[in-house]
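Data from start.cif: mmCIF, C-alpha atoms
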data_run
#
loop_
_atom_site.group_PDB
_atom_site.id
_atom_site.type_symbol
_atom_site.label_atom_id
_atom_site.label_comp_id
_atom_site.auth_asym_id
_atom_site.auth_seq_id
_atom_site.Cartn_x
_atom_site.Cartn_y
_atom_site.Cartn_z
ATOM 1 C CA MET A 9 149.024 128.582 57.314
ATOM 2 C CA SER A 10 151.218 125.533 56.772
ATOM 3 C CA ALA A 11 150.110 122.763 54.432
ATOM 4 C CA ARG A 12 151.071 120.201 57.079
ATOM 5 C CA MET A 13 149.577 119.481 60.508
ATOM 6 C CA HIS A 14 149.855 117.143 63.483
ATOM 7 C CA ALA A 15 147.219 114.419 63.749
ATOM 8 C CA ILE A 16 146.536 111.011 65.230
ATOM 9 C CA VAL A 17 146.670 108.355 62.517
ATOM 10 C CA GLN A 18 145.718 104.706 63.015
ATOM 11 C CA SER A 19 147.029 102.160 60.504
ATOM 12 C CA ALA A 20 145.994 98.920 62.259
ATOM 13 C CA PHE A 21 143.285 97.736 64.649
ATOM 14 C CA GLY A 22 144.361 97.077 68.202
ATOM 15 C CA GLY A 23 144.903 98.626 71.609
ATOM 16 C CA PRO A 24 145.428 102.316 72.358
ATOM 17 C CA GLU A 25 149.058 102.043 71.236
ATOM 18 C CA VAL A 26 147.943 101.927 67.566
ATOM 19 C CA LEU A 27 147.084 105.635 67.838
ATOM 20 C CA VAL A 28 150.182 107.320 66.403
ATOM 21 C CA HIS A 29 150.891 111.047 66.670
ATOM 22 C CA THR A 30 152.293 112.054 63.311
ATOM 23 C CA GLU A 31 152.427 114.766 60.662
ATOM 24 C CA THR A 32 150.108 114.751 57.670
ATOM 25 C CA ASP A 33 148.504 117.046 55.092
ATOM 26 C CA VAL A 34 145.939 119.671 56.056
ATOM 27 C CA PRO A 35 142.657 118.679 54.332
ATOM 28 C CA GLU A 36 140.965 120.928 51.799
ATOM 29 C CA PRO A 37 137.309 121.787 52.480
ATOM 30 C CA GLY A 38 135.093 120.475 49.711
ATOM 31 C CA PRO A 39 131.792 121.973 48.523
ATOM 32 C CA GLY A 40 129.515 122.555 51.524
ATOM 33 C CA GLU A 41 132.363 122.050 54.006
ATOM 34 C CA VAL A 42 134.420 124.264 56.284
ATOM 35 C CA LEU A 43 138.004 123.777 57.398
ATOM 36 C CA LEU A 44 138.236 123.962 61.187
ATOM 37 C CA ARG A 45 141.243 124.721 63.332
ATOM 38 C CA VAL A 46 140.382 122.194 66.049
ATOM 39 C CA ALA A 47 140.085 123.423 69.633
ATOM 40 C CA GLY A 48 138.608 120.298 71.232
ATOM 41 C CA ALA A 49 137.918 116.745 70.091
ATOM 42 C CA GLY A 50 135.664 114.636 72.293
ATOM 43 C CA VAL A 51 136.809 111.109 73.121
ATOM 44 C CA ASN A 52 133.940 108.615 73.255
ATOM 45 C CA PRO A 53 133.627 104.904 74.104
ATOM 46 C CA GLY A 54 132.679 104.283 70.489
ATOM 47 C CA ASP A 55 136.072 105.640 69.423
ATOM 48 C CA ALA A 56 137.747 102.847 71.375
ATOM 49 C CA VAL A 57 135.432 100.226 69.858
ATOM 50 C CA LEU A 58 136.249 101.385 66.329
ATOM 51 C CA ARG A 59 139.977 101.618 67.117
ATOM 52 C CA ALA A 60 139.977 98.008 68.348
ATOM 53 C CA GLY A 61 138.226 96.760 65.197
ATOM 54 C CA GLY A 62 134.847 96.183 66.821
ATOM 55 C CA VAL A 63 133.038 97.334 63.673
ATOM 56 C CA PRO A 64 135.671 96.924 60.936
ATOM 57 C CA GLY A 65 133.220 97.614 58.135
ATOM 58 C CA LEU A 66 132.886 101.241 59.273
ATOM 59 C CA VAL A 67 136.590 102.028 59.169
ATOM 60 C CA THR A 68 138.975 102.195 56.223
ATOM 61 C CA LEU A 69 142.571 102.258 57.434
ATOM 62 C CA PRO A 70 144.597 104.377 57.757
ATOM 63 C CA TRP A 71 142.291 106.875 59.379
ATOM 64 C CA THR A 72 142.120 109.691 61.929
ATOM 65 C CA PRO A 73 139.476 108.997 64.632
ATOM 66 C CA GLY A 74 137.147 111.450 66.331
ATOM 67 C CA ASN A 75 133.534 112.512 65.795
ATOM 68 C CA ASP A 76 133.094 115.369 68.277
ATOM 69 C CA VAL A 77 134.748 118.630 67.312
ATOM 70 C CA SER A 78 134.868 122.293 68.228
ATOM 71 C CA GLY A 79 137.054 124.979 66.725
ATOM 72 C CA VAL A 80 137.467 128.101 64.650
ATOM 73 C CA VAL A 81 136.554 128.281 60.976
ATOM 74 C CA GLU A 82 139.753 128.684 58.959
ATOM 75 C CA ARG A 83 138.330 128.515 55.428
ATOM 76 C CA VAL A 84 134.966 127.766 53.827
ATOM 77 C CA GLY A 85 134.292 125.588 50.817
ATOM 78 C CA GLU A 86 132.168 126.357 47.803
ATOM 79 C CA GLY A 87 128.555 127.162 48.596
ATOM 80 C CA VAL A 88 128.992 127.751 52.332
ATOM 81 C CA THR A 89 127.202 130.902 53.502
ATOM 82 C CA ARG A 90 126.264 130.072 57.142
ATOM 83 C CA PHE A 91 129.820 130.487 58.466
ATOM 84 C CA ALA A 92 132.851 132.643 57.792
ATOM 85 C CA PRO A 93 136.526 132.504 58.780
ATOM 86 C CA GLY A 94 136.913 133.309 62.477
ATOM 87 C CA ASP A 95 133.548 131.850 63.563
ATOM 88 C CA GLU A 96 133.638 129.623 66.652
ATOM 89 C CA VAL A 97 131.599 126.488 65.983
ATOM 90 C CA TYR A 98 131.047 122.906 67.115
ATOM 91 C CA GLY A 99 129.512 119.800 65.639
ATOM 92 C CA MET A 100 129.840 116.139 64.826
ATOM 93 C CA LEU A 101 131.660 114.353 62.037
ATOM 94 C CA ALA A 102 130.403 111.171 60.434
ATOM 95 C CA VAL A 103 132.781 108.195 60.569
ATOM 96 C CA THR A 104 135.203 108.836 57.703
ATOM 97 C CA GLY A 105 138.950 108.706 57.319
ATOM 98 C CA ARG A 106 139.177 112.339 58.347
ATOM 99 C CA GLY A 107 138.322 112.733 62.017
ATOM 100 C CA ALA A 108 138.750 115.305 64.769
ATOM 101 C CA TYR A 109 141.937 114.006 66.421
ATOM 102 C CA ALA A 110 143.975 116.565 64.485
ATOM 103 C CA GLU A 111 144.975 120.211 64.337
ATOM 104 C CA PHE A 112 142.617 120.746 61.390
ATOM 105 C CA THR A 113 139.644 118.880 59.950
ATOM 106 C CA ALA A 114 137.023 119.480 57.258
ATOM 107 C CA VAL A 115 133.379 119.295 58.356
ATOM 108 C CA PRO A 116 130.064 119.633 56.470
ATOM 109 C CA ALA A 117 128.669 123.043 57.351
ATOM 110 C CA ASP A 118 125.175 121.669 57.963
ATOM 111 C CA ALA A 119 126.573 119.509 60.804
ATOM 112 C CA LEU A 120 127.779 122.597 62.689
ATOM 113 C CA ALA A 121 126.303 125.274 64.917
ATOM 114 C CA ALA A 122 127.707 128.357 66.606
ATOM 115 C CA ALA A 123 129.415 127.305 69.833
ATOM 116 C CA PRO A 124 127.670 128.243 73.108
ATOM 117 C CA LYS A 125 128.804 131.681 74.264
ATOM 118 C CA ASN A 126 129.041 130.587 77.895
ATOM 119 C CA LEU A 127 131.118 127.458 77.267
ATOM 120 C CA ASP A 128 134.876 127.382 76.757
ATOM 121 C CA LEU A 129 135.557 126.458 73.115
ATOM 122 C CA VAL A 130 137.755 123.484 74.045
ATOM 123 C CA HIS A 131 135.008 122.104 76.301
ATOM 124 C CA ALA A 132 132.425 122.603 73.553
ATOM 125 C CA GLY A 133 134.127 119.686 71.805
ATOM 126 C CA ALA A 134 132.644 117.406 74.482
ATOM 127 C CA VAL A 135 129.033 118.156 73.580
ATOM 128 C CA PRO A 136 127.819 116.976 70.161
ATOM 129 C CA LEU A 137 127.795 113.160 70.194
ATOM 130 C CA VAL A 138 126.516 112.795 73.750
ATOM 131 C CA ALA A 139 123.872 115.462 73.201
ATOM 132 C CA PHE A 140 122.705 113.961 69.901
ATOM 133 C CA THR A 141 122.519 110.476 71.429
ATOM 134 C CA ALA A 142 120.515 111.583 74.471
ATOM 135 C CA TRP A 143 118.262 113.776 72.326
ATOM 136 C CA GLN A 144 117.532 111.033 69.789
ATOM 137 C CA ALA A 145 116.896 108.456 72.522
ATOM 138 C CA LEU A 146 114.618 110.475 74.769
ATOM 139 C CA THR A 147 112.826 112.978 72.536
ATOM 140 C CA VAL A 148 112.593 111.074 69.233
ATOM 141 C CA LEU A 149 112.534 107.353 70.086
ATOM 142 C CA ALA A 150 111.023 107.314 73.596
ATOM 143 C CA ARG A 151 109.050 110.562 73.321
ATOM 144 C CA VAL A 152 109.368 110.938 77.077
ATOM 145 C CA ARG A 153 106.401 112.675 78.684
ATOM 146 C CA PRO A 154 105.822 114.151 82.147
ATOM 147 C CA GLY A 155 105.465 111.393 84.711
ATOM 148 C CA ASP A 156 107.336 108.717 82.742
ATOM 149 C CA ARG A 157 109.794 106.662 84.759
ATOM 150 C CA VAL A 158 113.175 106.572 83.008
ATOM 151 C CA LEU A 159 116.125 104.397 84.054
ATOM 152 C CA ILE A 160 119.541 105.451 82.740
ATOM 153 C CA HIS A 161 122.504 103.074 83.041
ATOM 154 C CA ALA A 162 126.004 104.572 83.387
ATOM 155 C CA ALA A 163 124.286 107.802 84.347
ATOM 156 C CA ALA A 164 127.499 109.611 85.293
ATOM 157 C CA GLY A 165 129.166 109.038 81.932
ATOM 158 C CA GLY A 166 129.212 111.255 78.875
ATOM 159 C CA VAL A 167 125.825 110.401 77.392
ATOM 160 C CA GLY A 168 124.380 109.468 80.786
ATOM 161 C CA HIS A 169 124.832 112.796 82.548
ATOM 162 C CA VAL A 170 123.304 114.629 79.586
ATOM 163 C CA ALA A 171 120.413 112.158 79.422
ATOM 164 C CA VAL A 172 119.662 112.677 83.132
ATOM 165 C CA GLN A 173 119.246 116.406 82.570
ATOM 166 C CA LEU A 174 117.219 116.070 79.381
ATOM 167 C CA ALA A 175 114.894 113.439 80.863
ATOM 168 C CA LYS A 176 114.318 115.654 83.884
ATOM 169 C CA GLU A 177 113.526 118.635 81.650
ATOM 170 C CA LEU A 178 110.972 116.468 79.834
ATOM 171 C CA GLY A 179 109.236 115.845 83.159
ATOM 172 C CA ALA A 180 110.388 112.290 83.839
ATOM 173 C CA HIS A 181 111.094 110.607 87.151
ATOM 174 C CA VAL A 182 114.787 109.863 86.583
ATOM 175 C CA ILE A 183 116.595 106.829 87.998
ATOM 176 C CA GLY A 184 120.297 106.255 87.399
ATOM 177 C CA THR A 185 122.850 103.512 87.973
ATOM 178 C CA ALA A 186 126.274 104.797 88.987
ATOM 179 C CA ARG A 187 129.005 104.304 91.549
ATOM 180 C CA ALA A 188 128.184 105.779 94.948
ATOM 181 C CA ALA A 189 130.940 108.370 94.501
ATOM 182 C CA ASN A 190 128.940 109.925 91.646
ATOM 183 C CA HIS A 191 125.566 110.075 93.387
ATOM 184 C CA ASP A 192 125.888 113.652 94.666
ATOM 185 C CA PHE A 193 126.949 114.787 91.193
ATOM 186 C CA LEU A 194 123.874 113.171 89.639
ATOM 187 C CA ARG A 195 121.462 114.483 92.273
ATOM 188 C CA LYS A 196 122.599 118.010 91.416
ATOM 189 C CA LEU A 197 121.745 117.284 87.768
ATOM 190 C CA GLY A 198 118.213 116.231 88.730
ATOM 191 C CA ALA A 199 118.286 112.456 89.296
ATOM 192 C CA ASP A 200 115.447 111.344 91.584
ATOM 193 C CA GLU A 201 116.733 107.852 92.473
ATOM 194 C CA LEU A 202 120.240 106.402 92.303
ATOM 195 C CA ILE A 203 121.459 102.810 92.491
ATOM 196 C CA ASP A 204 125.062 101.819 93.225
ATOM 197 C CA TYR A 205 125.525 99.053 90.680
ATOM 198 C CA THR A 206 128.665 97.819 92.467
ATOM 199 C CA ALA A 207 126.625 96.918 95.550
ATOM 200 C CA THR A 208 123.066 96.318 94.320
ATOM 201 C CA ASP A 209 121.390 94.486 91.452
ATOM 202 C CA PHE A 210 119.256 97.262 89.978
ATOM 203 C CA ARG A 211 116.467 94.767 89.293
ATOM 204 C CA THR A 212 115.855 94.435 93.041
ATOM 205 C CA ALA A 213 115.976 98.164 93.699
ATOM 206 C CA VAL A 214 113.703 99.746 91.110
ATOM 207 C CA ALA A 215 109.958 99.621 90.507
ATOM 208 C CA PRO A 216 108.777 99.061 86.903
ATOM 209 C CA VAL A 217 109.830 101.819 84.494
ATOM 210 C CA ASP A 218 108.574 103.088 81.139
ATOM 211 C CA VAL A 219 111.966 103.539 79.471
ATOM 212 C CA VAL A 220 115.490 102.194 79.984
ATOM 213 C CA LEU A 221 118.434 103.885 78.272
ATOM 214 C CA ASP A 222 121.163 101.239 78.385
ATOM 215 C CA LEU A 223 124.617 102.738 77.885
ATOM 216 C CA VAL A 224 126.407 99.606 79.110
ATOM 217 C CA GLY A 225 125.127 96.701 77.023
ATOM 218 C CA GLY A 226 126.059 93.051 77.376
ATOM 219 C CA ALA A 227 124.301 91.452 80.353
ATOM 220 C CA TYR A 228 122.588 94.762 81.114
ATOM 221 C CA GLY A 229 120.360 94.349 78.038
ATOM 222 C CA PRO A 230 118.296 91.300 79.083
ATOM 223 C CA ARG A 231 118.415 92.350 82.731
ATOM 224 C CA SER A 232 116.917 95.711 81.780
ATOM 225 C CA LEU A 233 113.943 93.977 80.192
ATOM 226 C CA ASP A 234 113.099 92.661 83.676
ATOM 227 C CA VAL A 235 112.329 96.146 85.031
ATOM 228 C CA LEU A 236 110.162 97.441 82.175
ATOM 229 C CA ARG A 237 106.413 97.758 82.542
ATOM 230 C CA PRO A 238 104.277 95.993 79.884
ATOM 231 C CA GLY A 239 104.830 97.770 76.578
ATOM 232 C CA GLY A 240 107.938 99.510 77.942
ATOM 233 C CA LEU A 241 110.898 100.529 75.772
ATOM 234 C CA LEU A 242 114.559 99.516 76.055
ATOM 235 C CA ILE A 243 116.919 101.766 74.116
ATOM 236 C CA GLY A 244 120.364 100.291 73.472
ATOM 237 C CA ALA A 245 123.362 102.466 72.732
ATOM 238 C CA SER A 246 126.311 100.061 72.873
ATOM 239 C CA ILE A 247 127.920 97.925 70.183
ATOM 240 C CA ASP A 248 126.947 94.790 72.134
ATOM 241 C CA PRO A 249 123.375 95.457 73.351
ATOM 242 C CA GLY A 250 122.906 91.941 74.745
ATOM 243 C CA THR A 251 119.346 91.687 73.462
ATOM 244 C CA ASP A 252 117.234 92.476 70.404
ATOM 245 C CA GLU A 253 113.757 93.317 69.128
ATOM 246 C CA GLN A 254 112.609 89.694 69.063
ATOM 247 C CA GLN A 255 113.647 88.937 72.638
ATOM 248 C CA ALA A 256 111.843 92.056 73.825
ATOM 249 C CA ALA A 257 108.727 91.358 71.749
ATOM 250 C CA THR A 258 108.288 87.857 73.193
ATOM 251 C CA ARG A 259 107.844 89.551 76.577
ATOM 252 C CA GLY A 260 105.468 92.250 75.361
ATOM 253 C CA LEU A 261 108.228 94.852 75.347
ATOM 254 C CA ARG A 262 109.975 97.005 72.768
ATOM 255 C CA TYR A 263 113.652 97.413 71.889
ATOM 256 C CA VAL A 264 115.410 99.938 69.628
ATOM 257 C CA TRP A 265 119.038 100.897 69.069
ATOM 258 C CA VAL A 266 119.919 104.585 69.042
ATOM 259 C CA THR A 267 122.429 106.290 66.781
ATOM 260 C CA ALA A 268 123.627 109.879 66.882
ATOM 261 C CA GLU A 269 122.973 111.731 63.632
ATOM 262 C CA PRO A 270 124.889 114.977 62.919
ATOM 263 C CA SER A 271 122.493 117.936 62.732
ATOM 264 C CA GLY A 272 123.267 121.605 63.061
ATOM 265 C CA GLU A 273 119.564 122.272 63.631
ATOM 266 C CA VAL A 274 119.363 119.956 66.661
ATOM 267 C CA LEU A 275 122.659 121.308 67.957
ATOM 268 C CA GLU A 276 121.201 124.818 67.947
ATOM 269 C CA GLN A 277 118.515 123.572 70.364
ATOM 270 C CA ILE A 278 121.240 122.077 72.552
ATOM 271 C CA THR A 279 123.087 125.403 72.429
ATOM 272 C CA ASP A 280 119.977 127.229 73.629
ATOM 273 C CA ARG A 281 119.784 124.915 76.657
ATOM 274 C CA ILE A 282 123.463 125.348 77.503
ATOM 275 C CA GLU A 283 123.303 129.135 77.223
ATOM 276 C CA ALA A 284 120.145 129.213 79.363
ATOM 277 C CA GLY A 285 121.851 127.128 82.069
ATOM 278 C CA ARG A 286 119.441 124.206 81.605
ATOM 279 C CA LEU A 287 122.134 121.801 80.410
ATOM 280 C CA GLN A 288 125.578 121.362 81.940
ATOM 281 C CA ILE A 289 128.434 119.514 80.274
ATOM 282 C CA THR A 290 130.949 117.969 82.653
ATOM 283 C CA VAL A 291 134.490 117.291 81.456
ATOM 284 C CA ASP A 292 136.550 114.765 83.384
ATOM 285 C CA ARG A 293 139.898 115.679 81.812
ATOM 286 C CA VAL A 294 141.488 117.433 78.845
ATOM 287 C CA TYR A 295 144.471 115.618 77.297
ATOM 288 C CA PRO A 296 146.899 117.111 74.772
ATOM 289 C CA LEU A 297 146.674 115.542 71.322
ATOM 290 C CA THR A 298 150.017 113.835 71.917
ATOM 291 C CA GLU A 299 148.386 111.797 74.726
ATOM 292 C CA ALA A 300 145.598 110.205 72.687
ATOM 293 C CA THR A 301 146.785 106.771 73.833
ATOM 294 C CA ALA A 302 146.377 107.757 77.502
ATOM 295 C CA ALA A 303 142.938 109.206 76.755
ATOM 296 C CA HIS A 304 141.840 105.877 75.250
ATOM 297 C CA HIS A 305 143.171 103.956 78.229
ATOM 298 C CA ALA A 306 141.052 106.228 80.447
ATOM 299 C CA ILE A 307 137.885 105.804 78.387
ATOM 300 C CA GLU A 308 138.285 102.009 78.442
ATOM 301 C CA GLU A 309 138.514 101.980 82.248
ATOM 302 C CA LYS A 310 134.915 103.289 82.275
ATOM 303 C CA ARG A 311 135.405 105.320 85.434
ATOM 304 C CA THR A 312 135.170 108.813 84.031
ATOM 305 C CA THR A 313 132.654 111.391 85.198
ATOM 306 C CA GLY A 314 131.410 113.203 82.117
ATOM 307 C CA LYS A 315 133.625 113.507 79.051
ATOM 308 C CA ILE A 316 137.271 113.316 77.997
ATOM 309 C CA ILE A 317 138.685 115.754 75.453
ATOM 310 C CA LEU A 318 141.787 115.953 73.280
ATOM 311 C CA ALA A 319 143.130 119.446 72.638
ATOM 312 C CA PRO A 320 145.654 119.951 69.798
#
Encoded form (structure tokens):
Amino acid sequence: MSARMHAIVQSAFGGPEVLVHTETDVPEPGPGEVLLRVAGAGVNPGDAVLRAGGVPGLVTLPWTPGNDVSGVVERVGEGVTRFAPGDEVYGMLAVTGRGAYAEFTAVPADALAAAPKNLDLVHAGAVPLVAFTAWQALTVLARVRPGDRVLIHAAAGGVGHVAVQLAKELGAHVIGTARAANHDFLRKLGADELIDYTATDFRTAVAPVDVVLDLVGGAYGPRSLDVLRPGGLLIGASIDPGTDEQQAATRGLRYVWVTAEPSGEVLEQITDRIEAGRLQITVDRVYPLTEATAAHHAIEEKRTTGKIILAP
């Protein structure tokens, strides 16, 4: 293979136009890492926030964005025994200078799992971050139990549509906010109640709930506190949650912020659900790597159903 590859490299914070398609060196896998030939790289709202400089302390420029990745193992680093060249895998990268918007990337082996056999390898790149976020929020932080009432904002989005399915599997009564055009889609995934946020203030349309997963943030944070039962839990997942632990506590409520942590072990449980048909991953569109700028414009419009992927 060549020592050079095509990748998206960002050298300044700003709009989508700072994402430059260029040629750079193929990384070497270090100890415990594998080198992947990338098949799919998920595009997430957080990518746009980091690109714009929303959390500058996390990013050292220049860098290649992208956390979600799927692909084929090209080489393995020292000490790697779980995978071998030719294996089809998927997983999540931590925020480093070496992301998934590239033809090749190096990934810690313990952050990977074998890709689902019934999911196209490119589309597998849409799974990890949204699955980890929904899993951490609902099974670890909220510990959702049968009969709990769970409200999910932006239910038709990447994390949202996975969270609807996971909450339903856990036995919850699932309520989602989404445009009316996405209501049929969400009903098929198991949503029990749906609210068109463009026409209705959700606070007037929902009875008290046990858990809110807020994937919007801003004004939605304090407004979500209004619909929680006493002792209820608001889980924030946006850079600007609009509220905090103290504001919730003064009302007898709880607030936590969820982060997605790479874990091959958790991803294996997600794989089992996908292969059993209990979890569907919806992809709105696949863009070629050369159109990373267009993909970021689309993610910022916040009108996607499911996920967006870049494919080198």
Quick one: of A:Ala284, A:Gly229, A:Val148, A:Asp292, who's nearest to Tyr263 in chain A, counting only C-alpha atoms?
A:Gly229
Taking into account all atoms listed in the file, which residue in the set A:Glu96, A:Asp218, A:Glu41, A:Glu276 is nearest to Gly239 in chain A?
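Going through A:Glu96, A:Asp218, A:Glu41, A:Glu276 one by one, the smallest distance to Gly239 in chain A is for A:Asp218.
When the PyMOL selection byres ((chain A and resi 151) around 12) is evaluated on the file shown here, the picked residues come out as Ala142, Trp143, Gln144, Ala145, Leu146, Thr147, Val148, Leu149, Ala150, Val152, Arg153, Pro154, Gly155, Asp156, Val158, Leu174, Ala175, Leu178, Gly179, Ala180, Asp218, Val219, Leu241 and Ile243 of chain A.
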Given all atoms listed in the file as the counted atoms, nearest of A:Gly99, A:Gly105, A:Gly54, A:Gly40 to Thr68 in chain A
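Distance minimum relative to Thr68 in chain A lands on A:Gly105.
Shortest atom-to-atom contact with Val63 in chain A among A:Ala117, A:Leu221, A:Val97, A:Ile247: A:Ile247, counting only C-alpha atoms.
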In terms of the shortest atom-to-atom distance over all atoms listed in the file, which of A:Leu129, A:Leu44, A:Ala215, A:Ala56 is closest to Pro93 in chain A?
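Checking each of A:Leu129, A:Leu44, A:Ala215, A:Ala56 against Pro93 in chain A, counting all atoms listed in the file, the winner is A:Leu44.
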